[in-house]
Number of protein chains: 2
Amino acid sequence: MRLHGFFRSSASWRVRIALGLKGIDHDKIALDLLKGEHRTPAYLALNPQGLVPALVLDEGQVLTQSLAICEYLDEVVPQPPLLPADAVGRAHVRALALQIACEIQPLQNPRVLNRLRDNGVDKEGVKAWARGVIEDGLDAYEARLAATAGRFSYGDQPTLADICLVPQLGNARKFGARLEWPKILAVEAACLELPAFAAAAPAAQPEAQ
Amino acid sequence: MRLHGFFRSSASWRVRIALGLKGIDHDKIALDLLKGEHRTPAYLALNPQGLVPALVLDEGQVLTQSLAICEYLDEVVPQPPLLPADAVGRAHVRALALQIACEIQPLQNPRVLNRLRDNGVDKEGVKAWARGVIEDGLDAYEARLAATAGRFSYGDQPTLADICLVPQLGNARKFGARLEWPKILAVEAACLELPAFAAAAPAAQPEAQ
């Protein structure tokens, strides 16, 4: 399979972690979103939405949306699992992942921040918006960890929740959010001890050099 | 099980459809978000995030996040399925659902529109923002349907994608979006012929009377 992504995109970062945890051999195509490489005819033919990531399977099908891709990888390569074995546990992990993927990341991604600028919000206002949605969202995630966390966000194995959390912390730092979440930071440290998480970081990608 | 929801909340609406398609008997607790009933100590004890929906299982566990709840229902009551049987099909349906749940709904829900007002965007600007994100998002969904749709968003059975689409169209109408999506509107019409979709509409809830 072949992953089309951007090293700084948090959605691409999620899929890099999942591919790494599963140990799935794949090719990488690095797009430079700052140069508009997601808007070329060649890429739009692949993914008409012009978003990253896109995962092209060996049979040619194109998968989009990072969480849908991670669930696919978990179905076709079950070990190590990205979700617990029991239905309630799976619901809790998916809810943690969605707390980030639906309630934080969409509100601070470049497209939305550009919309804010178009609506007359100034540079400082845009940064404060991004910080605010990240801090509110991660406050709620930290509170939730009191019920769910072990070494990782849910119990003692990394899951889809951690796959969303670590890239979101990258964005938290980028926007200067206060990092006062002891449980979240402990989970992040546990994740970064795993080679799959370390190797997926934006700074570890060749195009970051 | 017991569903805590709000008749006009599109996330609650999704779960009502899923419960109806599965034919799952359940109790309903109607919260009035306009009266702040999601902020009472009793509800916050149940769901500290103060969001709807929340599904309380007979064993007492509380599930949150509408897509995580729908996936749970699909796992514990497999028939009729909300996802196709094959992994690629499941990835495509989840991607359609996430196109709405991550890229449209979060950008036009009340919390975000309130944030916009706090940033000095005026009433007309807020409505135009909501219309814009809905139109851009449903344009992309309509384009995607060319590859995936049969009678429903993906093939000829209702799926998680339709569960997200129909409530989003409710919001599209509320904000006066242009409804120029022939494939989407045909899918919506097919959905509304099913009792589970018809019974889940906000106007069909007792508290709407």
# chains A, B, ... in the order shown; residues from 1 in each chain; ligands from 1

$ interface_residues --of "chain A" --to "chain B" --cutoff "7 Å" --atoms "only C-alpha atoms" --output "list in words"
Gln49, Leu63, Thr64, Gln65, Ala68, Ile69, Tyr72, Glu75, Ala87, Ala91, His92, Arg94, Ala95, Leu98, Ala101, Cys102, Glu103, Pro106, Leu107, Asn119, Val121 and Ala140 of chain A

$ residues_around --residues "Ala201 of chain A" --least-positions-apart "2" --cutoff "12 Å" --atoms "only C-alpha atoms" --output "JSON, numbers by chain"
{"A": [6, 7, 8, 9, 10, 11, 12, 13, 14, 15, 16, 17, 20, 163, 166, 167, 168, 169, 170, 171, 191, 192, 194, 195, 196, 197, 198, 199, 203, 204, 205, 206, 207, 208]}

$ write_last_selection --atoms "C-alpha atoms" --output "compact mmCIF listing (two decimals), in the first residue's frame"
# COMPACT_ATOMS: atom_id res chain seq x y z
CA PHE A 6 2.06 15.62 4.72
CA PHE A 7 4.58 15.42 7.53
CA ARG A 8 2.92 18.16 9.60
CA SER A 9 -0.70 17.01 9.05
CA SER A 10 -2.01 15.51 12.27
CA ALA A 11 -4.39 13.22 10.35
CA SER A 12 -1.44 11.85 8.31
CA TRP A 13 0.49 11.46 11.57
CA ARG A 14 -2.31 9.25 13.00
CA VAL A 15 -2.09 6.88 10.05
CA ARG A 16 1.72 6.77 10.24
CA ILE A 17 1.40 5.61 13.86
CA GLY A 20 3.96 1.52 12.44
CA ILE A 163 -3.13 7.51 17.95
CA VAL A 166 -0.20 12.29 20.36
CA PRO A 167 -0.63 14.30 17.13
CA GLN A 168 -3.11 16.59 18.90
CA LEU A 169 -0.42 17.37 21.46
CA GLY A 170 1.82 18.37 18.58
CA ASN A 171 -0.79 20.94 17.63
CA CYS A 191 3.59 6.33 23.71
CA LEU A 192 6.84 7.95 22.69
CA LEU A 194 7.28 2.91 21.44
CA PRO A 195 9.22 3.00 18.13
CA ALA A 196 5.99 3.30 16.08
CA PHE A 197 5.05 6.56 17.80
CA ALA A 198 8.58 7.95 17.76
CA ALA A 199 9.08 7.17 14.05
CA ALA A 203 10.35 15.83 12.87
CA ALA A 204 11.30 12.20 12.12
CA GLN A 205 10.06 12.38 8.52
CA PRO A 206 12.72 12.75 5.79
CA GLU A 207 11.02 15.84 4.34
CA ALA A 208 11.38 17.63 7.70

$ calpha_fit_and_write --fixed "chain B" --moving "chain A" --output "PDB file with C-alpha atoms, in the first residue's frame"
ATOM      1  CA  MET A   1     -30.788   1.010  27.779  1.00  0.00           C
ATOM      2  CA  ARG A   2     -31.620   4.677  28.180  1.00  0.00           C
ATOM      3  CA  LEU A   3     -30.871   7.455  25.688  1.00  0.00           C
ATOM      4  CA  HIS A   4     -30.331  10.978  26.991  1.00  0.00           C
ATOM      5  CA  GLY A   5     -30.726  13.370  24.082  1.00  0.00           C
ATOM      6  CA  PHE A   6     -32.130  16.592  22.708  1.00  0.00           C
ATOM      7  CA  PHE A   7     -34.664  16.446  19.894  1.00  0.00           C
ATOM      8  CA  ARG A   8     -32.877  19.062  17.771  1.00  0.00           C
ATOM      9  CA  SER A   9     -29.312  17.759  18.348  1.00  0.00           C
ATOM     10  CA  SER A  10     -28.070  16.126  15.167  1.00  0.00           C
ATOM     11  CA  ALA A  11     -25.803  13.782  17.137  1.00  0.00           C
ATOM     12  CA  SER A  12     -28.806  12.593  19.206  1.00  0.00           C
ATOM     13  CA  TRP A  13     -30.754  12.217  15.955  1.00  0.00           C
ATOM     14  CA  ARG A  14     -28.064   9.852  14.578  1.00  0.00           C
ATOM     15  CA  VAL A  15     -28.392   7.558  17.581  1.00  0.00           C
ATOM     16  CA  ARG A  16     -32.198   7.617  17.386  1.00  0.00           C
ATOM     17  CA  ILE A  17     -31.936   6.365  13.791  1.00  0.00           C
ATOM     18  CA  ALA A  18     -29.493   3.592  14.732  1.00  0.00           C
ATOM     19  CA  LEU A  19     -31.667   2.418  17.631  1.00  0.00           C
ATOM     20  CA  GLY A  20     -34.677   2.423  15.304  1.00  0.00           C
ATOM     21  CA  LEU A  21     -32.949   0.494  12.496  1.00  0.00           C
ATOM     22  CA  LYS A  22     -31.838  -2.125  15.015  1.00  0.00           C
ATOM     23  CA  GLY A  23     -35.266  -2.254  16.633  1.00  0.00           C
ATOM     24  CA  ILE A  24     -33.720  -1.829  20.091  1.00  0.00           C
ATOM     25  CA  ASP A  25     -36.216  -1.179  22.844  1.00  0.00           C
ATOM     26  CA  HIS A  26     -35.029   1.711  25.064  1.00  0.00           C
ATOM     27  CA  ASP A  27     -36.082   4.544  27.322  1.00  0.00           C
ATOM     28  CA  LYS A  28     -35.681   8.162  26.290  1.00  0.00           C
ATOM     29  CA  ILE A  29     -34.797  11.096  28.497  1.00  0.00           C
ATOM     30  CA  ALA A  30     -35.385  14.398  26.731  1.00  0.00           C
ATOM     31  CA  LEU A  31     -33.053  17.184  27.827  1.00  0.00           C
ATOM     32  CA  ASP A  32     -33.804  20.781  26.915  1.00  0.00           C
ATOM     33  CA  LEU A  33     -30.426  22.230  25.971  1.00  0.00           C
ATOM     34  CA  LEU A  34     -31.956  25.685  25.626  1.00  0.00           C
ATOM     35  CA  LYS A  35     -32.786  25.518  29.357  1.00  0.00           C
ATOM     36  CA  GLY A  36     -29.280  24.231  30.165  1.00  0.00           C
ATOM     37  CA  GLU A  37     -30.461  20.803  31.266  1.00  0.00           C
ATOM     38  CA  HIS A  38     -27.148  19.335  30.011  1.00  0.00           C
ATOM     39  CA  ARG A  39     -25.403  21.477  32.652  1.00  0.00           C
ATOM     40  CA  THR A  40     -27.242  20.234  35.733  1.00  0.00           C
ATOM     41  CA  PRO A  41     -25.226  18.391  38.411  1.00  0.00           C
ATOM     42  CA  ALA A  42     -27.295  15.259  37.762  1.00  0.00           C
ATOM     43  CA  TYR A  43     -26.445  15.172  34.051  1.00  0.00           C
ATOM     44  CA  LEU A  44     -22.814  16.162  34.561  1.00  0.00           C
ATOM     45  CA  ALA A  45     -22.477  13.250  36.984  1.00  0.00           C
ATOM     46  CA  LEU A  46     -23.542  11.039  34.096  1.00  0.00           C
ATOM     47  CA  ASN A  47     -21.523  12.753  31.357  1.00  0.00           C
ATOM     48  CA  PRO A  48     -18.958  15.259  32.654  1.00  0.00           C
ATOM     49  CA  GLN A  49     -18.588  16.720  29.154  1.00  0.00           C
ATOM     50  CA  GLY A  50     -22.185  17.899  29.319  1.00  0.00           C
ATOM     51  CA  LEU A  51     -22.839  16.798  25.762  1.00  0.00           C
ATOM     52  CA  VAL A  52     -25.683  14.813  24.222  1.00  0.00           C
ATOM     53  CA  PRO A  53     -26.274  12.055  23.394  1.00  0.00           C
ATOM     54  CA  ALA A  54     -25.344   9.704  26.207  1.00  0.00           C
ATOM     55  CA  LEU A  55     -26.470   6.097  26.190  1.00  0.00           C
ATOM     56  CA  VAL A  56     -26.739   4.418  29.591  1.00  0.00           C
ATOM     57  CA  LEU A  57     -26.533   0.637  29.388  1.00  0.00           C
ATOM     58  CA  ASP A  58     -28.568  -1.644  31.631  1.00  0.00           C
ATOM     59  CA  GLU A  59     -25.336  -2.466  33.482  1.00  0.00           C
ATOM     60  CA  GLY A  60     -24.820   1.246  34.166  1.00  0.00           C
ATOM     61  CA  GLN A  61     -21.969   2.091  31.799  1.00  0.00           C
ATOM     62  CA  VAL A  62     -22.363   5.440  30.037  1.00  0.00           C
ATOM     63  CA  LEU A  63     -21.449   5.634  26.350  1.00  0.00           C
ATOM     64  CA  THR A  64     -20.836   8.955  24.613  1.00  0.00           C
ATOM     65  CA  GLN A  65     -19.980  10.218  21.106  1.00  0.00           C
ATOM     66  CA  SER A  66     -22.682   9.348  18.593  1.00  0.00           C
ATOM     67  CA  LEU A  67     -20.487   7.404  16.145  1.00  0.00           C
ATOM     68  CA  ALA A  68     -18.953   5.336  18.936  1.00  0.00           C
ATOM     69  CA  ILE A  69     -22.476   4.570  20.185  1.00  0.00           C
ATOM     70  CA  CYS A  70     -23.638   3.542  16.696  1.00  0.00           C
ATOM     71  CA  GLU A  71     -20.611   1.233  16.276  1.00  0.00           C
ATOM     72  CA  TYR A  72     -21.393  -0.280  19.692  1.00  0.00           C
ATOM     73  CA  LEU A  73     -25.012  -0.913  18.728  1.00  0.00           C
ATOM     74  CA  ASP A  74     -23.816  -2.509  15.490  1.00  0.00           C
ATOM     75  CA  GLU A  75     -21.524  -4.845  17.426  1.00  0.00           C
ATOM     76  CA  VAL A  76     -24.062  -5.960  20.029  1.00  0.00           C
ATOM     77  CA  VAL A  77     -27.057  -6.167  17.654  1.00  0.00           C
ATOM     78  CA  PRO A  78     -25.524  -7.115  14.304  1.00  0.00           C
ATOM     79  CA  GLN A  79     -28.746  -7.176  12.254  1.00  0.00           C
ATOM     80  CA  PRO A  80     -29.453  -5.213  10.150  1.00  0.00           C
ATOM     81  CA  PRO A  81     -25.794  -4.199   9.720  1.00  0.00           C
ATOM     82  CA  LEU A  82     -24.832  -0.517   9.670  1.00  0.00           C
ATOM     83  CA  LEU A  83     -21.599  -1.324   7.792  1.00  0.00           C
ATOM     84  CA  PRO A  84     -20.895  -3.553   4.774  1.00  0.00           C
ATOM     85  CA  ALA A  85     -19.352  -6.984   5.311  1.00  0.00           C
ATOM     86  CA  ASP A  86     -16.036  -6.320   3.526  1.00  0.00           C
ATOM     87  CA  ALA A  87     -13.215  -4.240   5.019  1.00  0.00           C
ATOM     88  CA  VAL A  88     -12.868  -1.892   2.040  1.00  0.00           C
ATOM     89  CA  GLY A  89     -16.606  -1.241   1.997  1.00  0.00           C
ATOM     90  CA  ARG A  90     -16.552  -0.602   5.725  1.00  0.00           C
ATOM     91  CA  ALA A  91     -13.729   1.896   5.247  1.00  0.00           C
ATOM     92  CA  HIS A  92     -15.681   3.716   2.548  1.00  0.00           C
ATOM     93  CA  VAL A  93     -18.825   3.949   4.701  1.00  0.00           C
ATOM     94  CA  ARG A  94     -16.873   5.120   7.736  1.00  0.00           C
ATOM     95  CA  ALA A  95     -15.128   7.724   5.564  1.00  0.00           C
ATOM     96  CA  LEU A  96     -18.493   9.063   4.362  1.00  0.00           C
ATOM     97  CA  ALA A  97     -19.757   9.236   7.946  1.00  0.00           C
ATOM     98  CA  LEU A  98     -16.576  10.995   9.092  1.00  0.00           C
ATOM     99  CA  GLN A  99     -16.779  13.477   6.195  1.00  0.00           C
ATOM    100  CA  ILE A 100     -19.900  14.723   7.961  1.00  0.00           C
ATOM    101  CA  ALA A 101     -19.022  14.040  11.606  1.00  0.00           C
ATOM    102  CA  CYS A 102     -15.521  15.568  11.460  1.00  0.00           C
ATOM    103  CA  GLU A 103     -15.694  18.096   8.661  1.00  0.00           C
ATOM    104  CA  ILE A 104     -19.192  19.574   8.685  1.00  0.00           C
ATOM    105  CA  GLN A 105     -21.137  19.160  11.910  1.00  0.00           C
ATOM    106  CA  PRO A 106     -18.361  20.310  14.312  1.00  0.00           C
ATOM    107  CA  LEU A 107     -17.981  23.544  12.358  1.00  0.00           C
ATOM    108  CA  GLN A 108     -21.630  24.570  12.610  1.00  0.00           C
ATOM    109  CA  ASN A 109     -22.760  23.333  15.999  1.00  0.00           C
ATOM    110  CA  PRO A 110     -23.971  25.828  18.608  1.00  0.00           C
ATOM    111  CA  ARG A 111     -20.728  25.816  20.615  1.00  0.00           C
ATOM    112  CA  VAL A 112     -18.689  26.876  17.595  1.00  0.00           C
ATOM    113  CA  LEU A 113     -21.195  29.459  16.443  1.00  0.00           C
ATOM    114  CA  ASN A 114     -21.090  30.949  19.954  1.00  0.00           C
ATOM    115  CA  ARG A 115     -17.297  31.088  19.732  1.00  0.00           C
ATOM    116  CA  LEU A 116     -17.620  32.975  16.465  1.00  0.00           C
ATOM    117  CA  ARG A 117     -19.958  35.502  18.089  1.00  0.00           C
ATOM    118  CA  ASP A 118     -17.430  35.872  20.913  1.00  0.00           C
ATOM    119  CA  ASN A 119     -14.870  36.710  18.239  1.00  0.00           C
ATOM    120  CA  GLY A 120     -16.959  39.575  16.947  1.00  0.00           C
ATOM    121  CA  VAL A 121     -18.549  37.898  13.936  1.00  0.00           C
ATOM    122  CA  ASP A 122     -22.036  39.382  13.493  1.00  0.00           C
ATOM    123  CA  LYS A 123     -25.333  37.492  13.161  1.00  0.00           C
ATOM    124  CA  GLU A 124     -25.306  37.422   9.365  1.00  0.00           C
ATOM    125  CA  GLY A 125     -21.638  36.401   9.351  1.00  0.00           C
ATOM    126  CA  VAL A 126     -22.357  33.487  11.662  1.00  0.00           C
ATOM    127  CA  LYS A 127     -25.203  32.257   9.468  1.00  0.00           C
ATOM    128  CA  ALA A 128     -23.051  32.625   6.352  1.00  0.00           C
ATOM    129  CA  TRP A 129     -20.270  30.634   8.056  1.00  0.00           C
ATOM    130  CA  ALA A 130     -22.654  27.783   8.891  1.00  0.00           C
ATOM    131  CA  ARG A 131     -24.111  27.786   5.375  1.00  0.00           C
ATOM    132  CA  GLY A 132     -20.621  27.839   3.863  1.00  0.00           C
ATOM    133  CA  VAL A 133     -19.239  24.874   5.783  1.00  0.00           C
ATOM    134  CA  ILE A 134     -22.401  22.863   5.123  1.00  0.00           C
ATOM    135  CA  GLU A 135     -22.406  23.663   1.389  1.00  0.00           C
ATOM    136  CA  ASP A 136     -18.685  22.917   0.968  1.00  0.00           C
ATOM    137  CA  GLY A 137     -18.996  19.691   2.919  1.00  0.00           C
ATOM    138  CA  LEU A 138     -22.106  18.421   1.180  1.00  0.00           C
ATOM    139  CA  ASP A 139     -20.670  19.359  -2.230  1.00  0.00           C
ATOM    140  CA  ALA A 140     -17.805  16.969  -1.423  1.00  0.00           C
ATOM    141  CA  TYR A 141     -20.261  14.320  -0.186  1.00  0.00           C
ATOM    142  CA  GLU A 142     -22.353  14.638  -3.358  1.00  0.00           C
ATOM    143  CA  ALA A 143     -19.198  14.188  -5.462  1.00  0.00           C
ATOM    144  CA  ARG A 144     -18.271  11.104  -3.476  1.00  0.00           C
ATOM    145  CA  LEU A 145     -21.719   9.565  -3.987  1.00  0.00           C
ATOM    146  CA  ALA A 146     -20.974   9.248  -7.710  1.00  0.00           C
ATOM    147  CA  ALA A 147     -18.585   6.441  -6.759  1.00  0.00           C
ATOM    148  CA  THR A 148     -20.441   4.855  -3.852  1.00  0.00           C
ATOM    149  CA  ALA A 149     -24.206   5.372  -3.996  1.00  0.00           C
ATOM    150  CA  GLY A 150     -26.962   3.012  -4.946  1.00  0.00           C
ATOM    151  CA  ARG A 151     -30.333   3.623  -3.384  1.00  0.00           C
ATOM    152  CA  PHE A 152     -28.439   4.769  -0.262  1.00  0.00           C
ATOM    153  CA  SER A 153     -25.087   6.511   0.283  1.00  0.00           C
ATOM    154  CA  TYR A 154     -23.228   3.230  -0.108  1.00  0.00           C
ATOM    155  CA  GLY A 155     -25.007   0.623  -2.151  1.00  0.00           C
ATOM    156  CA  ASP A 156     -28.601  -0.379  -1.599  1.00  0.00           C
ATOM    157  CA  GLN A 157     -28.807  -0.709   2.174  1.00  0.00           C
ATOM    158  CA  PRO A 158     -28.839   2.094   4.764  1.00  0.00           C
ATOM    159  CA  THR A 159     -25.534   2.478   6.613  1.00  0.00           C
ATOM    160  CA  LEU A 160     -23.749   4.642   9.153  1.00  0.00           C
ATOM    161  CA  ALA A 161     -23.198   7.143   6.329  1.00  0.00           C
ATOM    162  CA  ASP A 162     -26.946   7.711   5.904  1.00  0.00           C
ATOM    163  CA  ILE A 163     -27.324   7.957   9.669  1.00  0.00           C
ATOM    164  CA  CYS A 164     -25.015  10.994   9.527  1.00  0.00           C
ATOM    165  CA  LEU A 165     -26.355  12.424   6.281  1.00  0.00           C
ATOM    166  CA  VAL A 166     -30.035  12.809   7.145  1.00  0.00           C
ATOM    167  CA  PRO A 167     -29.505  14.878  10.333  1.00  0.00           C
ATOM    168  CA  GLN A 168     -26.925  17.012   8.511  1.00  0.00           C
ATOM    169  CA  LEU A 169     -29.583  17.851   5.928  1.00  0.00           C
ATOM    170  CA  GLY A 170     -31.769  19.015   8.789  1.00  0.00           C
ATOM    171  CA  ASN A 171     -29.045  21.488   9.681  1.00  0.00           C
ATOM    172  CA  ALA A 172     -28.613  22.440   6.015  1.00  0.00           C
ATOM    173  CA  ARG A 173     -32.258  23.488   5.883  1.00  0.00           C
ATOM    174  CA  LYS A 174     -32.086  25.263   9.235  1.00  0.00           C
ATOM    175  CA  PHE A 175     -29.271  27.487   7.975  1.00  0.00           C
ATOM    176  CA  GLY A 176     -30.806  28.048   4.540  1.00  0.00           C
ATOM    177  CA  ALA A 177     -28.105  26.222   2.562  1.00  0.00           C
ATOM    178  CA  ARG A 178     -28.758  25.711  -1.140  1.00  0.00           C
ATOM    179  CA  LEU A 179     -30.154  22.218  -1.575  1.00  0.00           C
ATOM    180  CA  GLU A 180     -28.721  21.476  -5.020  1.00  0.00           C
ATOM    181  CA  TRP A 181     -27.499  17.921  -4.494  1.00  0.00           C
ATOM    182  CA  PRO A 182     -29.591  15.541  -6.593  1.00  0.00           C
ATOM    183  CA  LYS A 183     -27.859  12.369  -5.371  1.00  0.00           C
ATOM    184  CA  ILE A 184     -27.977  13.404  -1.711  1.00  0.00           C
ATOM    185  CA  LEU A 185     -31.646  14.341  -1.908  1.00  0.00           C
ATOM    186  CA  ALA A 186     -32.504  11.027  -3.597  1.00  0.00           C
ATOM    187  CA  VAL A 187     -30.716   9.157  -0.810  1.00  0.00           C
ATOM    188  CA  GLU A 188     -32.531  11.226   1.818  1.00  0.00           C
ATOM    189  CA  ALA A 189     -35.891  10.412   0.201  1.00  0.00           C
ATOM    190  CA  ALA A 190     -35.029   6.697   0.239  1.00  0.00           C
ATOM    191  CA  CYS A 191     -34.084   6.955   3.929  1.00  0.00           C
ATOM    192  CA  LEU A 192     -37.265   8.750   4.909  1.00  0.00           C
ATOM    193  CA  GLU A 193     -39.327   5.916   3.455  1.00  0.00           C
ATOM    194  CA  LEU A 194     -37.933   3.764   6.275  1.00  0.00           C
ATOM    195  CA  PRO A 195     -39.868   4.012   9.578  1.00  0.00           C
ATOM    196  CA  ALA A 196     -36.624   4.219  11.622  1.00  0.00           C
ATOM    197  CA  PHE A 197     -35.541   7.385   9.827  1.00  0.00           C
ATOM    198  CA  ALA A 198     -39.003   8.940   9.836  1.00  0.00           C
ATOM    199  CA  ALA A 199     -39.533   8.271  13.557  1.00  0.00           C
ATOM    200  CA  ALA A 200     -36.127   9.752  14.474  1.00  0.00           C
ATOM    201  CA  ALA A 201     -36.766  13.197  13.003  1.00  0.00           C
ATOM    202  CA  PRO A 202     -36.841  16.079  15.497  1.00  0.00           C
ATOM    203  CA  ALA A 203     -40.407  16.996  14.541  1.00  0.00           C
ATOM    204  CA  ALA A 204     -41.518  13.435  15.371  1.00  0.00           C
ATOM    205  CA  GLN A 205     -40.272  13.635  18.973  1.00  0.00           C
ATOM    206  CA  PRO A 206     -42.909  14.193  21.689  1.00  0.00           C
ATOM    207  CA  GLU A 207     -41.074  17.229  23.067  1.00  0.00           C
ATOM    208  CA  ALA A 208     -41.355  18.961  19.675  1.00  0.00           C
ATOM    209  CA  GLN A 209     -45.122  19.204  20.098  1.00  0.00           C
TER     210      GLN A 209
END

$ select_by_dssp --residues "segment 26-77 of chain B" --states "helix (DSSP H, G or I)" --output "ChimeraX atom specification"
/B:33-35,37-39,41-46,66-76

$ write_last_selection --atoms "C-alpha atoms" --output "PDB file, in the first residue's frame"
ATOM      1  CA  LEU B  33     -30.415  22.224  25.970  1.00  0.00           C
ATOM      2  CA  LEU B  34     -31.940  25.678  25.603  1.00  0.00           C
ATOM      3  CA  LYS B  35     -32.765  25.502  29.336  1.00  0.00           C
ATOM      4  CA  GLU B  37     -30.465  20.807  31.237  1.00  0.00           C
ATOM      5  CA  HIS B  38     -27.153  19.334  30.008  1.00  0.00           C
ATOM      6  CA  ARG B  39     -25.398  21.450  32.611  1.00  0.00           C
ATOM      7  CA  PRO B  41     -25.231  18.391  38.380  1.00  0.00           C
ATOM      8  CA  ALA B  42     -27.313  15.248  37.736  1.00  0.00           C
ATOM      9  CA  TYR B  43     -26.450  15.159  34.041  1.00  0.00           C
ATOM     10  CA  LEU B  44     -22.825  16.156  34.534  1.00  0.00           C
ATOM     11  CA  ALA B  45     -22.487  13.250  36.965  1.00  0.00           C
ATOM     12  CA  LEU B  46     -23.543  11.037  34.082  1.00  0.00           C
ATOM     13  CA  SER B  66     -22.698   9.346  18.589  1.00  0.00           C
ATOM     14  CA  LEU B  67     -20.491   7.419  16.145  1.00  0.00           C
ATOM     15  CA  ALA B  68     -18.962   5.341  18.945  1.00  0.00           C
ATOM     16  CA  ILE B  69     -22.493   4.584  20.179  1.00  0.00           C
ATOM     17  CA  CYS B  70     -23.639   3.536  16.690  1.00  0.00           C
ATOM     18  CA  GLU B  71     -20.617   1.242  16.274  1.00  0.00           C
ATOM     19  CA  TYR B  72     -21.394  -0.275  19.698  1.00  0.00           C
ATOM     20  CA  LEU B  73     -25.010  -0.918  18.723  1.00  0.00           C
ATOM     21  CA  ASP B  74     -23.819  -2.513  15.484  1.00  0.00           C
ATOM     22  CA  GLU B  75     -21.528  -4.840  17.441  1.00  0.00           C
ATOM     23  CA  VAL B  76     -24.075  -5.974  20.036  1.00  0.00           C
TER      24      VAL B  76
END

$ select_by_dssp --residues "segment 38-107 of chain B" --states "strand (DSSP E)" --output "ChimeraX atom specification"
/B:54-56,62-64

$ decode --residues "segment 41-92 of chain B" --atoms "C-alpha atoms" --output "PDB file, in the first residue's frame"
ATOM      1  CA  PRO B  41     -25.231  18.391  38.380  1.00  0.00           C
ATOM      2  CA  ALA B  42     -27.313  15.248  37.736  1.00  0.00           C
ATOM      3  CA  TYR B  43     -26.450  15.159  34.041  1.00  0.00           C
ATOM      4  CA  LEU B  44     -22.825  16.156  34.534  1.00  0.00           C
ATOM      5  CA  ALA B  45     -22.487  13.250  36.965  1.00  0.00           C
ATOM      6  CA  LEU B  46     -23.543  11.037  34.082  1.00  0.00           C
ATOM      7  CA  ASN B  47     -21.529  12.751  31.342  1.00  0.00           C
ATOM      8  CA  PRO B  48     -18.944  15.244  32.649  1.00  0.00           C
ATOM      9  CA  GLN B  49     -18.574  16.711  29.155  1.00  0.00           C
ATOM     10  CA  GLY B  50     -22.168  17.915  29.309  1.00  0.00           C
ATOM     11  CA  LEU B  51     -22.843  16.790  25.746  1.00  0.00           C
ATOM     12  CA  VAL B  52     -25.668  14.811  24.214  1.00  0.00           C
ATOM     13  CA  PRO B  53     -26.268  12.062  23.389  1.00  0.00           C
ATOM     14  CA  ALA B  54     -25.342   9.710  26.212  1.00  0.00           C
ATOM     15  CA  LEU B  55     -26.477   6.092  26.179  1.00  0.00           C
ATOM     16  CA  VAL B  56     -26.734   4.424  29.579  1.00  0.00           C
ATOM     17  CA  LEU B  57     -26.520   0.632  29.378  1.00  0.00           C
ATOM     18  CA  ASP B  58     -28.537  -1.646  31.619  1.00  0.00           C
ATOM     19  CA  GLU B  59     -25.317  -2.470  33.478  1.00  0.00           C
ATOM     20  CA  GLY B  60     -24.833   1.252  34.157  1.00  0.00           C
ATOM     21  CA  GLN B  61     -21.973   2.094  31.791  1.00  0.00           C
ATOM     22  CA  VAL B  62     -22.362   5.443  30.048  1.00  0.00           C
ATOM     23  CA  LEU B  63     -21.438   5.638  26.357  1.00  0.00           C
ATOM     24  CA  THR B  64     -20.829   8.967  24.610  1.00  0.00           C
ATOM     25  CA  GLN B  65     -20.000  10.233  21.101  1.00  0.00           C
ATOM     26  CA  SER B  66     -22.698   9.346  18.589  1.00  0.00           C
ATOM     27  CA  LEU B  67     -20.491   7.419  16.145  1.00  0.00           C
ATOM     28  CA  ALA B  68     -18.962   5.341  18.945  1.00  0.00           C
ATOM     29  CA  ILE B  69     -22.493   4.584  20.179  1.00  0.00           C
ATOM     30  CA  CYS B  70     -23.639   3.536  16.690  1.00  0.00           C
ATOM     31  CA  GLU B  71     -20.617   1.242  16.274  1.00  0.00           C
ATOM     32  CA  TYR B  72     -21.394  -0.275  19.698  1.00  0.00           C
ATOM     33  CA  LEU B  73     -25.010  -0.918  18.723  1.00  0.00           C
ATOM     34  CA  ASP B  74     -23.819  -2.513  15.484  1.00  0.00           C
ATOM     35  CA  GLU B  75     -21.528  -4.840  17.441  1.00  0.00           C
ATOM     36  CA  VAL B  76     -24.075  -5.974  20.036  1.00  0.00           C
ATOM     37  CA  VAL B  77     -27.067  -6.164  17.651  1.00  0.00           C
ATOM     38  CA  PRO B  78     -25.523  -7.121  14.308  1.00  0.00           C
ATOM     39  CA  GLN B  79     -28.758  -7.173  12.269  1.00  0.00           C
ATOM     40  CA  PRO B  80     -29.467  -5.236  10.162  1.00  0.00           C
ATOM     41  CA  PRO B  81     -25.809  -4.206   9.728  1.00  0.00           C
ATOM     42  CA  LEU B  82     -24.822  -0.526   9.683  1.00  0.00           C
ATOM     43  CA  LEU B  83     -21.608  -1.328   7.811  1.00  0.00           C
ATOM     44  CA  PRO B  84     -20.894  -3.561   4.782  1.00  0.00           C
ATOM     45  CA  ALA B  85     -19.341  -6.984   5.325  1.00  0.00           C
ATOM     46  CA  ASP B  86     -16.027  -6.308   3.543  1.00  0.00           C
ATOM     47  CA  ALA B  87     -13.205  -4.250   5.022  1.00  0.00           C
ATOM     48  CA  VAL B  88     -12.875  -1.888   2.043  1.00  0.00           C
ATOM     49  CA  GLY B  89     -16.619  -1.237   2.019  1.00  0.00           C
ATOM     50  CA  ARG B  90     -16.557  -0.585   5.750  1.00  0.00           C
ATOM     51  CA  ALA B  91     -13.720   1.902   5.252  1.00  0.00           C
ATOM     52  CA  HIS B  92     -15.690   3.727   2.552  1.00  0.00           C
TER      53      HIS B  92
END
